[in-house]
Amino acid sequence: MAVSEMLQTLLYTVNHLLQQEKYKAVLAVLKGFRNGAVYGAKIRAPHAFVMTFLFRDGSLAGKLKAILKATYTHSRNLACFVFTYKGLQALLEKFQGRSLQSHSFMAACVGGWLVFGDNNNINSQINMYLLSRILFALSRLAVEKGLVPQPKRDPFPLLATLVWGVVLWLFEYHPHTLQPSLQSSMNYLYHDSNVWHDISDFLLYNKSRTASRK
């Protein structure tokens with residue numbers, strides 16, 4: 001009974017603390033760290049699972065280890081970035097007495113350099129993912145601000161034409177310039193489909209199991 005009362009008291013104290021406005025900035029940083037860790041794991045785990053079992057060779061233990069390592073790295077990095085970004089943002093706002101657009105930019109720049117500046121596979125995928133999104137966003141913003149005239153026709157078909165034309169040209173003639181995971185995907189789609197021995201590796205499997213065991 002005493003333990004139950006202690007837990008209730010502790011829960012009440014914690015909930016009371018969470019309602020204090022003076023601690024909101026610090027608590028927001030902590031919850032941001034939590035959300036970054038959870039979101040990073042949710043995003044990376046299924047992606048790593050699919051890519052590992054689809055393209056990676058090796059034992060089951062090795063594959064599971066690779067999945068856990070990728071998930072941990074993504075989760076940790078995103079959590080650390082959110083913590084750094086929100087913490088610096090709060091400090092800058094407190095220092096200057098108000099929130100400015102430059103605070104967001106500077107805090108994110110520092111966080112990006114500290115957390116995502118390490119050139120590894122996980123950070124490379126995240127940075128390239130964001131690059132494609134910000135190019136789209138900046139294009140829309142340029143039109144909204146009148147810096148670029150509103151296109152008379154939807155430019156998306158032209159974009160698709162150039163994107164697919166360039167990426168397949170790079171894959172066929174300069175594959176080393178593409179990220180390894182993209183190379184693996186394209187090899188599966190465009191090169192592995194040129195090879196088969198019988199109905200088993202033409203329709204049922206990508207590669208002949210007999211050949212792969214040799």
# chains A, B, ... in the order shown; residues from 1 in each chain; ligands from 1

call {"tool": "residues_around", "arguments": {"residues": "Val115 (chain A)", "least_positions_apart": "5", "cutoff": "7 Å", "atoms": "only C-alpha atoms", "output": "ChimeraX atom specification"}}
result
/A:77,80-81

call {"tool": "select_by_dssp", "arguments": {"residues": "region 25-170 of chain A", "states": "alpha helix (DSSP H)", "output": "compact mmCIF listing (two decimals) with N, CA, C and O atoms, in the first residue's frame"}}
result
# COMPACT_ATOMS: atom_id res chain seq x y z
N ALA A 25 10.07 25.57 -21.80
CA ALA A 25 11.11 25.52 -22.83
C ALA A 25 12.01 24.31 -22.65
O ALA A 25 12.34 23.60 -23.61
N VAL A 26 12.41 24.05 -21.41
CA VAL A 26 13.29 22.91 -21.13
C VAL A 26 12.56 21.60 -21.38
O VAL A 26 13.11 20.67 -21.99
N LEU A 27 11.32 21.53 -20.94
CA LEU A 27 10.54 20.31 -21.13
C LEU A 27 10.28 20.05 -22.62
O LEU A 27 10.25 18.89 -23.06
N ALA A 28 10.09 21.13 -23.39
CA ALA A 28 9.88 20.97 -24.83
C ALA A 28 11.12 20.38 -25.50
O ALA A 28 11.01 19.58 -26.44
N VAL A 29 12.29 20.77 -25.02
CA VAL A 29 13.53 20.22 -25.55
C VAL A 29 13.63 18.72 -25.25
O VAL A 29 13.99 17.91 -26.11
N LEU A 30 13.26 18.34 -24.03
CA LEU A 30 13.31 16.94 -23.63
C LEU A 30 12.30 16.10 -24.42
O LEU A 30 12.62 14.99 -24.87
N LYS A 31 11.09 16.64 -24.60
CA LYS A 31 10.11 15.88 -25.37
C LYS A 31 10.52 15.81 -26.84
O LYS A 31 10.27 14.81 -27.53
N GLY A 32 11.18 16.87 -27.32
CA GLY A 32 11.68 16.83 -28.69
C GLY A 32 12.70 15.72 -28.87
O GLY A 32 12.71 15.03 -29.90
N PHE A 33 13.56 15.52 -27.87
CA PHE A 33 14.53 14.42 -27.91
C PHE A 33 13.80 13.09 -27.98
O PHE A 33 14.15 12.21 -28.77
N ARG A 34 12.76 12.96 -27.15
CA ARG A 34 11.97 11.72 -27.13
C ARG A 34 11.31 11.47 -28.48
O ARG A 34 11.37 10.38 -29.03
N ASN A 35 10.68 12.51 -29.04
CA ASN A 35 9.98 12.36 -30.31
C ASN A 35 10.96 12.05 -31.44
O ASN A 35 10.64 11.28 -32.36
N GLY A 36 12.14 12.65 -31.40
CA GLY A 36 13.15 12.37 -32.42
C GLY A 36 13.58 10.93 -32.39
O GLY A 36 13.72 10.29 -33.44
N ALA A 37 13.79 10.39 -31.18
CA ALA A 37 14.21 9.00 -31.04
C ALA A 37 13.13 8.05 -31.55
O ALA A 37 13.41 7.09 -32.29
N VAL A 38 11.88 8.32 -31.17
CA VAL A 38 10.77 7.44 -31.57
C VAL A 38 10.54 7.51 -33.08
O VAL A 38 10.41 6.48 -33.75
N TYR A 39 10.50 8.72 -33.62
CA TYR A 39 10.23 8.89 -35.06
C TYR A 39 11.36 8.28 -35.90
O TYR A 39 11.11 7.63 -36.92
N GLY A 40 12.60 8.48 -35.46
CA GLY A 40 13.74 7.92 -36.19
C GLY A 40 13.66 6.41 -36.26
O GLY A 40 13.93 5.80 -37.29
N ALA A 41 13.28 5.78 -35.13
CA ALA A 41 13.15 4.32 -35.11
C ALA A 41 12.01 3.86 -36.00
O ALA A 41 12.13 2.86 -36.72
N LYS A 42 10.88 4.56 -35.95
CA LYS A 42 9.72 4.18 -36.77
C LYS A 42 10.03 4.28 -38.26
O LYS A 42 9.58 3.45 -39.06
N ILE A 43 10.77 5.30 -38.63
CA ILE A 43 11.09 5.50 -40.05
C ILE A 43 12.15 4.51 -40.53
O ILE A 43 12.03 3.91 -41.60
N ARG A 44 13.20 4.32 -39.74
CA ARG A 44 14.34 3.53 -40.21
C ARG A 44 14.11 2.03 -40.13
O ARG A 44 14.53 1.28 -41.02
N ALA A 45 13.47 1.55 -39.07
CA ALA A 45 13.35 0.10 -38.86
C ALA A 45 12.71 -0.63 -40.05
O ALA A 45 13.29 -1.59 -40.56
N PRO A 46 11.53 -0.21 -40.52
CA PRO A 46 10.95 -0.94 -41.67
C PRO A 46 11.77 -0.79 -42.94
O PRO A 46 11.89 -1.74 -43.72
N HIS A 47 12.36 0.40 -43.16
CA HIS A 47 13.19 0.61 -44.34
C HIS A 47 14.43 -0.29 -44.30
O HIS A 47 14.77 -0.94 -45.29
N ALA A 48 15.09 -0.32 -43.14
CA ALA A 48 16.29 -1.16 -43.00
C ALA A 48 15.93 -2.64 -43.15
O ALA A 48 16.69 -3.42 -43.73
N PHE A 49 14.79 -3.03 -42.61
CA PHE A 49 14.36 -4.43 -42.71
C PHE A 49 14.20 -4.85 -44.16
O PHE A 49 14.72 -5.88 -44.59
N VAL A 50 13.47 -4.04 -44.93
CA VAL A 50 13.22 -4.37 -46.34
C VAL A 50 14.52 -4.37 -47.14
O VAL A 50 14.81 -5.32 -47.88
N MET A 51 15.31 -3.31 -47.02
CA MET A 51 16.53 -3.20 -47.82
C MET A 51 17.54 -4.29 -47.45
O MET A 51 18.25 -4.82 -48.32
N THR A 52 17.62 -4.63 -46.17
CA THR A 52 18.59 -5.63 -45.73
C THR A 52 18.23 -7.02 -46.26
O THR A 52 19.07 -7.74 -46.80
N PHE A 53 16.97 -7.40 -46.11
CA PHE A 53 16.57 -8.74 -46.55
C PHE A 53 16.43 -8.83 -48.07
O PHE A 53 16.50 -9.93 -48.63
N LEU A 54 16.26 -7.71 -48.72
CA LEU A 54 16.14 -7.72 -50.18
C LEU A 54 17.49 -7.75 -50.87
O LEU A 54 17.68 -8.44 -51.87
N PHE A 55 18.47 -7.01 -50.34
CA PHE A 55 19.73 -6.83 -51.06
C PHE A 55 20.96 -7.33 -50.33
O PHE A 55 22.01 -7.51 -50.95
N LEU A 60 21.37 -14.66 -40.84
CA LEU A 60 20.22 -13.97 -40.24
C LEU A 60 20.67 -13.06 -39.11
O LEU A 60 20.18 -11.94 -38.99
N ALA A 61 21.61 -13.55 -38.30
CA ALA A 61 22.11 -12.74 -37.18
C ALA A 61 22.79 -11.47 -37.69
O ALA A 61 22.61 -10.39 -37.12
N GLY A 62 23.55 -11.61 -38.78
CA GLY A 62 24.22 -10.45 -39.35
C GLY A 62 23.23 -9.42 -39.90
O GLY A 62 23.43 -8.21 -39.75
N LYS A 63 22.18 -9.93 -40.52
CA LYS A 63 21.16 -9.03 -41.06
C LYS A 63 20.42 -8.29 -39.95
O LYS A 63 20.17 -7.09 -40.04
N LEU A 64 20.06 -9.03 -38.90
CA LEU A 64 19.36 -8.40 -37.77
C LEU A 64 20.25 -7.37 -37.09
O LEU A 64 19.77 -6.30 -36.67
N LYS A 65 21.54 -7.66 -36.99
CA LYS A 65 22.48 -6.72 -36.39
C LYS A 65 22.56 -5.44 -37.22
O LYS A 65 22.60 -4.33 -36.68
N ALA A 66 22.57 -5.59 -38.54
CA ALA A 66 22.63 -4.43 -39.43
C ALA A 66 21.37 -3.58 -39.31
O ALA A 66 21.43 -2.34 -39.31
N ILE A 67 20.22 -4.24 -39.20
CA ILE A 67 18.95 -3.52 -39.04
C ILE A 67 18.94 -2.73 -37.73
O ILE A 67 18.56 -1.54 -37.70
N LEU A 68 19.36 -3.37 -36.65
CA LEU A 68 19.38 -2.70 -35.35
C LEU A 68 20.37 -1.54 -35.34
O LEU A 68 20.09 -0.47 -34.78
N LYS A 69 21.52 -1.72 -35.98
CA LYS A 69 22.53 -0.66 -36.02
C LYS A 69 22.01 0.56 -36.80
O LYS A 69 22.16 1.70 -36.35
N ALA A 70 21.39 0.31 -37.95
CA ALA A 70 20.86 1.41 -38.76
C ALA A 70 19.72 2.12 -38.02
O ALA A 70 19.63 3.35 -38.03
N THR A 71 18.87 1.35 -37.37
CA THR A 71 17.75 1.93 -36.64
C THR A 71 18.25 2.77 -35.47
O THR A 71 17.76 3.89 -35.24
N TYR A 72 19.21 2.25 -34.75
CA TYR A 72 19.78 2.98 -33.61
C TYR A 72 20.43 4.29 -34.07
O TYR A 72 20.24 5.34 -33.46
N THR A 73 21.21 4.22 -35.15
CA THR A 73 21.91 5.41 -35.64
C THR A 73 20.92 6.49 -36.07
O THR A 73 21.08 7.67 -35.71
N HIS A 74 19.90 6.11 -36.81
CA HIS A 74 18.89 7.08 -37.27
C HIS A 74 18.15 7.67 -36.08
O HIS A 74 17.96 8.89 -35.99
N SER A 75 17.74 6.81 -35.16
CA SER A 75 17.00 7.26 -33.99
C SER A 75 17.84 8.21 -33.13
O SER A 75 17.38 9.27 -32.71
N ARG A 76 19.08 7.83 -32.87
CA ARG A 76 19.98 8.66 -32.06
C ARG A 76 20.25 10.01 -32.71
O ARG A 76 20.18 11.06 -32.06
N ASN A 77 20.56 9.99 -33.99
CA ASN A 77 20.89 11.24 -34.68
C ASN A 77 19.72 12.21 -34.72
O ASN A 77 19.89 13.41 -34.50
N LEU A 78 18.54 11.68 -35.00
CA LEU A 78 17.37 12.56 -35.07
C LEU A 78 17.05 13.12 -33.68
O LEU A 78 16.71 14.29 -33.55
N ALA A 79 17.17 12.28 -32.65
CA ALA A 79 16.92 12.74 -31.28
C ALA A 79 17.91 13.83 -30.89
O ALA A 79 17.53 14.87 -30.32
N CYS A 80 19.18 13.62 -31.20
CA CYS A 80 20.21 14.61 -30.86
C CYS A 80 20.02 15.91 -31.63
O CYS A 80 20.24 17.01 -31.10
N PHE A 81 19.59 15.79 -32.90
CA PHE A 81 19.38 17.01 -33.68
C PHE A 81 18.22 17.83 -33.11
O PHE A 81 18.33 19.05 -32.96
N VAL A 82 17.10 17.17 -32.82
CA VAL A 82 15.94 17.88 -32.27
C VAL A 82 16.31 18.54 -30.94
O VAL A 82 15.95 19.69 -30.67
N PHE A 83 17.05 17.81 -30.10
CA PHE A 83 17.50 18.34 -28.81
C PHE A 83 18.35 19.60 -29.02
O PHE A 83 18.16 20.62 -28.36
N THR A 84 19.31 19.51 -29.95
CA THR A 84 20.21 20.64 -30.22
C THR A 84 19.45 21.82 -30.81
O THR A 84 19.63 22.97 -30.38
N TYR A 85 18.61 21.53 -31.79
CA TYR A 85 17.86 22.59 -32.48
C TYR A 85 16.93 23.33 -31.52
O TYR A 85 16.97 24.57 -31.43
N LYS A 86 16.12 22.60 -30.79
CA LYS A 86 15.16 23.24 -29.88
C LYS A 86 15.87 23.93 -28.71
O LYS A 86 15.44 24.99 -28.26
N GLY A 87 16.98 23.34 -28.25
CA GLY A 87 17.72 23.95 -27.16
C GLY A 87 18.34 25.27 -27.57
O GLY A 87 18.24 26.28 -26.86
N LEU A 88 19.00 25.30 -28.74
CA LEU A 88 19.60 26.54 -29.23
C LEU A 88 18.55 27.59 -29.56
O LEU A 88 18.74 28.78 -29.32
N GLN A 89 17.44 27.15 -30.12
CA GLN A 89 16.35 28.07 -30.43
C GLN A 89 15.85 28.75 -29.15
O GLN A 89 15.63 29.97 -29.13
N ALA A 90 15.67 27.96 -28.10
CA ALA A 90 15.20 28.52 -26.83
C ALA A 90 16.21 29.49 -26.24
O ALA A 90 15.84 30.55 -25.71
N LEU A 91 17.50 29.15 -26.33
CA LEU A 91 18.55 30.04 -25.81
C LEU A 91 18.61 31.35 -26.59
O LEU A 91 18.75 32.43 -25.99
N LEU A 92 18.52 31.29 -27.90
CA LEU A 92 18.55 32.50 -28.72
C LEU A 92 17.35 33.40 -28.45
O LEU A 92 17.47 34.63 -28.37
N GLU A 93 16.19 32.79 -28.30
CA GLU A 93 14.99 33.56 -28.01
C GLU A 93 15.10 34.24 -26.64
O GLU A 93 14.72 35.40 -26.47
N LYS A 94 15.63 33.53 -25.66
CA LYS A 94 15.80 34.09 -24.32
C LYS A 94 16.83 35.22 -24.33
O LYS A 94 16.66 36.25 -23.67
N PHE A 95 17.90 35.03 -25.10
CA PHE A 95 18.96 36.03 -25.17
C PHE A 95 18.48 37.32 -25.82
O PHE A 95 18.82 38.42 -25.37
N GLN A 96 17.70 37.20 -26.90
CA GLN A 96 17.25 38.39 -27.63
C GLN A 96 15.86 38.87 -27.22
O GLN A 96 15.40 39.90 -27.69
N GLN A 101 13.19 34.68 -37.23
CA GLN A 101 13.37 33.63 -38.24
C GLN A 101 14.81 33.16 -38.30
O GLN A 101 15.08 31.98 -38.55
N SER A 102 15.74 34.07 -38.04
CA SER A 102 17.15 33.71 -38.09
C SER A 102 17.52 32.69 -37.01
O SER A 102 18.46 31.92 -37.17
N HIS A 103 16.77 32.69 -35.90
CA HIS A 103 17.04 31.73 -34.83
C HIS A 103 16.87 30.30 -35.34
O HIS A 103 17.69 29.43 -35.05
N SER A 104 15.80 30.07 -36.06
CA SER A 104 15.54 28.73 -36.59
C SER A 104 16.65 28.30 -37.54
O SER A 104 17.14 27.16 -37.47
N PHE A 105 17.06 29.21 -38.41
CA PHE A 105 18.10 28.89 -39.39
C PHE A 105 19.43 28.59 -38.70
O PHE A 105 20.08 27.58 -39.00
N MET A 106 19.83 29.46 -37.78
CA MET A 106 21.12 29.29 -37.12
C MET A 106 21.15 28.04 -36.24
O MET A 106 22.14 27.29 -36.25
N ALA A 107 20.07 27.81 -35.50
CA ALA A 107 20.02 26.63 -34.64
C ALA A 107 20.08 25.35 -35.46
O ALA A 107 20.77 24.38 -35.10
N ALA A 108 19.37 25.34 -36.58
CA ALA A 108 19.37 24.15 -37.44
C ALA A 108 20.73 23.96 -38.12
O ALA A 108 21.17 22.82 -38.31
N CYS A 109 21.38 25.05 -38.48
CA CYS A 109 22.71 24.94 -39.09
C CYS A 109 23.70 24.30 -38.13
O CYS A 109 24.46 23.40 -38.51
N VAL A 110 23.68 24.75 -36.88
CA VAL A 110 24.58 24.18 -35.87
C VAL A 110 24.26 22.70 -35.64
O VAL A 110 25.15 21.85 -35.61
N GLY A 111 22.97 22.40 -35.50
CA GLY A 111 22.57 21.01 -35.31
C GLY A 111 22.93 20.14 -36.49
O GLY A 111 23.39 19.00 -36.32
N GLY A 112 22.73 20.66 -37.69
CA GLY A 112 23.08 19.90 -38.88
C GLY A 112 24.57 19.60 -38.96
O GLY A 112 24.98 18.49 -39.32
N TRP A 113 25.38 20.59 -38.60
CA TRP A 113 26.83 20.40 -38.64
C TRP A 113 27.29 19.40 -37.59
O TRP A 113 28.11 18.52 -37.86
N LEU A 114 26.74 19.51 -36.39
CA LEU A 114 27.15 18.64 -35.29
C LEU A 114 26.66 17.21 -35.45
O LEU A 114 27.39 16.25 -35.16
N VAL A 115 25.42 17.05 -35.90
CA VAL A 115 24.80 15.73 -35.91
C VAL A 115 24.87 15.06 -37.29
O VAL A 115 25.25 13.89 -37.42
N ASN A 121 26.27 6.47 -44.33
CA ASN A 121 25.13 6.09 -45.17
C ASN A 121 23.81 6.66 -44.64
O ASN A 121 22.99 7.14 -45.42
N ILE A 122 23.61 6.60 -43.34
CA ILE A 122 22.35 7.08 -42.76
C ILE A 122 22.21 8.59 -42.97
O ILE A 122 21.18 9.07 -43.46
N ASN A 123 23.25 9.35 -42.61
CA ASN A 123 23.19 10.80 -42.77
C ASN A 123 23.09 11.20 -44.23
O ASN A 123 22.41 12.18 -44.57
N SER A 124 23.74 10.45 -45.10
CA SER A 124 23.68 10.75 -46.53
C SER A 124 22.24 10.62 -47.05
O SER A 124 21.74 11.48 -47.78
N GLN A 125 21.56 9.55 -46.64
CA GLN A 125 20.17 9.35 -47.07
C GLN A 125 19.27 10.46 -46.54
O GLN A 125 18.42 10.98 -47.27
N ILE A 126 19.44 10.81 -45.27
CA ILE A 126 18.60 11.85 -44.67
C ILE A 126 18.84 13.19 -45.34
O ILE A 126 17.89 13.93 -45.67
N ASN A 127 20.11 13.56 -45.55
CA ASN A 127 20.42 14.85 -46.16
C ASN A 127 19.91 14.94 -47.59
O ASN A 127 19.40 15.99 -48.02
N MET A 128 20.02 13.84 -48.34
CA MET A 128 19.52 13.87 -49.72
C MET A 128 18.00 13.91 -49.76
O MET A 128 17.41 14.55 -50.63
N TYR A 129 17.37 13.22 -48.82
CA TYR A 129 15.91 13.28 -48.70
C TYR A 129 15.47 14.72 -48.48
O TYR A 129 14.54 15.22 -49.14
N LEU A 130 16.13 15.41 -47.55
CA LEU A 130 15.75 16.78 -47.25
C LEU A 130 16.08 17.72 -48.42
O LEU A 130 15.34 18.67 -48.68
N LEU A 131 17.19 17.46 -49.10
CA LEU A 131 17.57 18.32 -50.22
C LEU A 131 16.49 18.35 -51.29
O LEU A 131 16.14 19.42 -51.79
N SER A 132 15.95 17.19 -51.64
CA SER A 132 14.90 17.16 -52.67
C SER A 132 13.66 17.93 -52.21
O SER A 132 13.02 18.61 -53.00
N ARG A 133 13.36 17.83 -50.90
CA ARG A 133 12.17 18.53 -50.38
C ARG A 133 12.36 20.04 -50.36
O ARG A 133 11.44 20.79 -50.68
N ILE A 134 13.55 20.50 -49.96
CA ILE A 134 13.75 21.95 -49.88
C ILE A 134 13.85 22.58 -51.27
O ILE A 134 13.47 23.75 -51.45
N LEU A 135 14.34 21.84 -52.25
CA LEU A 135 14.37 22.38 -53.61
C LEU A 135 12.94 22.61 -54.11
O LEU A 135 12.65 23.64 -54.75
N PHE A 136 12.04 21.67 -53.83
CA PHE A 136 10.64 21.85 -54.17
C PHE A 136 10.06 23.05 -53.43
O PHE A 136 9.38 23.91 -54.00
N ALA A 137 10.33 23.12 -52.12
CA ALA A 137 9.77 24.18 -51.29
C ALA A 137 10.29 25.55 -51.70
O ALA A 137 9.52 26.52 -51.76
N LEU A 138 11.58 25.66 -51.99
CA LEU A 138 12.15 26.94 -52.39
C LEU A 138 11.59 27.38 -53.75
O LEU A 138 11.41 28.58 -53.99
N SER A 139 11.33 26.42 -54.63
CA SER A 139 10.73 26.75 -55.92
C SER A 139 9.34 27.34 -55.72
O SER A 139 8.98 28.36 -56.33
N ARG A 140 8.55 26.73 -54.85
CA ARG A 140 7.20 27.24 -54.56
C ARG A 140 7.28 28.62 -53.89
O ARG A 140 6.49 29.51 -54.20
N LEU A 141 8.23 28.77 -52.97
CA LEU A 141 8.38 30.05 -52.27
C LEU A 141 8.79 31.16 -53.23
O LEU A 141 8.32 32.29 -53.11
N ALA A 142 9.66 30.82 -54.18
CA ALA A 142 10.09 31.82 -55.17
C ALA A 142 8.91 32.31 -56.00
O ALA A 142 8.81 33.50 -56.32
N VAL A 143 7.99 31.40 -56.32
CA VAL A 143 6.79 31.79 -57.07
C VAL A 143 5.88 32.64 -56.19
O VAL A 143 5.36 33.68 -56.62
N GLU A 144 5.70 32.24 -54.92
CA GLU A 144 4.84 32.99 -53.99
C GLU A 144 5.35 34.41 -53.78
O GLU A 144 4.56 35.36 -53.68
N PHE A 156 5.66 19.80 -63.63
CA PHE A 156 5.98 18.48 -63.10
C PHE A 156 6.37 17.46 -64.17
O PHE A 156 7.31 16.69 -63.98
N PRO A 157 5.66 17.40 -65.32
CA PRO A 157 6.08 16.44 -66.36
C PRO A 157 7.51 16.68 -66.84
O PRO A 157 8.25 15.71 -67.08
N LEU A 158 7.92 17.95 -66.96
CA LEU A 158 9.29 18.25 -67.37
C LEU A 158 10.27 17.81 -66.30
O LEU A 158 11.34 17.25 -66.61
N LEU A 159 9.90 18.03 -65.03
CA LEU A 159 10.75 17.60 -63.92
C LEU A 159 10.95 16.08 -63.95
O LEU A 159 12.07 15.59 -63.84
N ALA A 160 9.85 15.35 -64.11
CA ALA A 160 9.94 13.89 -64.16
C ALA A 160 10.81 13.43 -65.32
O ALA A 160 11.61 12.49 -65.19
N THR A 161 10.67 14.09 -66.46
CA THR A 161 11.47 13.75 -67.64
C THR A 161 12.96 13.88 -67.35
O THR A 161 13.75 12.97 -67.64
N LEU A 162 13.35 15.01 -66.76
CA LEU A 162 14.76 15.27 -66.49
C LEU A 162 15.31 14.37 -65.38
O LEU A 162 16.42 13.84 -65.50
N VAL A 163 14.53 14.18 -64.31
CA VAL A 163 14.98 13.37 -63.18
C VAL A 163 15.27 11.94 -63.63
O VAL A 163 16.34 11.39 -63.35
N TRP A 164 14.33 11.34 -64.34
CA TRP A 164 14.51 9.94 -64.76
C TRP A 164 15.56 9.81 -65.85
O TRP A 164 16.31 8.83 -65.89
N GLY A 165 15.62 10.79 -66.73
CA GLY A 165 16.64 10.75 -67.77
C GLY A 165 18.04 10.82 -67.19
O GLY A 165 18.93 10.03 -67.55
N VAL A 166 18.24 11.74 -66.26
CA VAL A 166 19.57 11.92 -65.66
C VAL A 166 19.96 10.75 -64.79
O VAL A 166 21.10 10.25 -64.86
N VAL A 167 19.04 10.26 -63.95
CA VAL A 167 19.41 9.20 -63.01
C VAL A 167 19.73 7.89 -63.74
O VAL A 167 20.65 7.17 -63.34
N LEU A 168 19.01 7.58 -64.82
CA LEU A 168 19.33 6.35 -65.56
C LEU A 168 20.61 6.50 -66.36
O LEU A 168 21.37 5.53 -66.52
N TRP A 169 20.90 7.70 -66.84
CA TRP A 169 22.17 7.93 -67.53
C TRP A 169 23.33 7.76 -66.56
O TRP A 169 24.34 7.10 -66.87
N LEU A 170 23.18 8.31 -65.36
CA LEU A 170 24.21 8.15 -64.35
C LEU A 170 24.38 6.68 -63.96
O LEU A 170 25.51 6.19 -63.82

call {"tool": "closest_residue", "arguments": {"among": "A:Arg56, A:Ser4, A:Gln20, A:Asn119", "to": "Ser181 (chain A)", "atoms": "only C-alpha atoms"}}
result
A:Arg56

call {"tool": "atom_distance", "arguments": {"atom1": "CA of Leu7 (chain A)", "atom2": "CA of Lys22 (chain A)"}}
result
24.7 Å

call {"tool": "closest_residue", "arguments": {"among": "A:Arg153, A:Lys24, A:His16, A:Lys207", "to": "Asn194 (chain A)", "atoms": "only C-alpha atoms"}}
result
A:Lys207

call {"tool": "residues_around", "arguments": {"residues": "Trp196 (chain A)", "least_positions_apart": "6", "cutoff": "9 Å", "atoms": "only C-alpha atoms", "output": "ChimeraX atom specification"}}
result
/A:202,206-208

call {"tool": "closest_residue", "arguments": {"among": "A:Phe171, A:His197, A:Asp57, A:Val3", "to": "Ser185 (chain A)", "atoms": "only C-alpha atoms"}}
result
A:Phe171
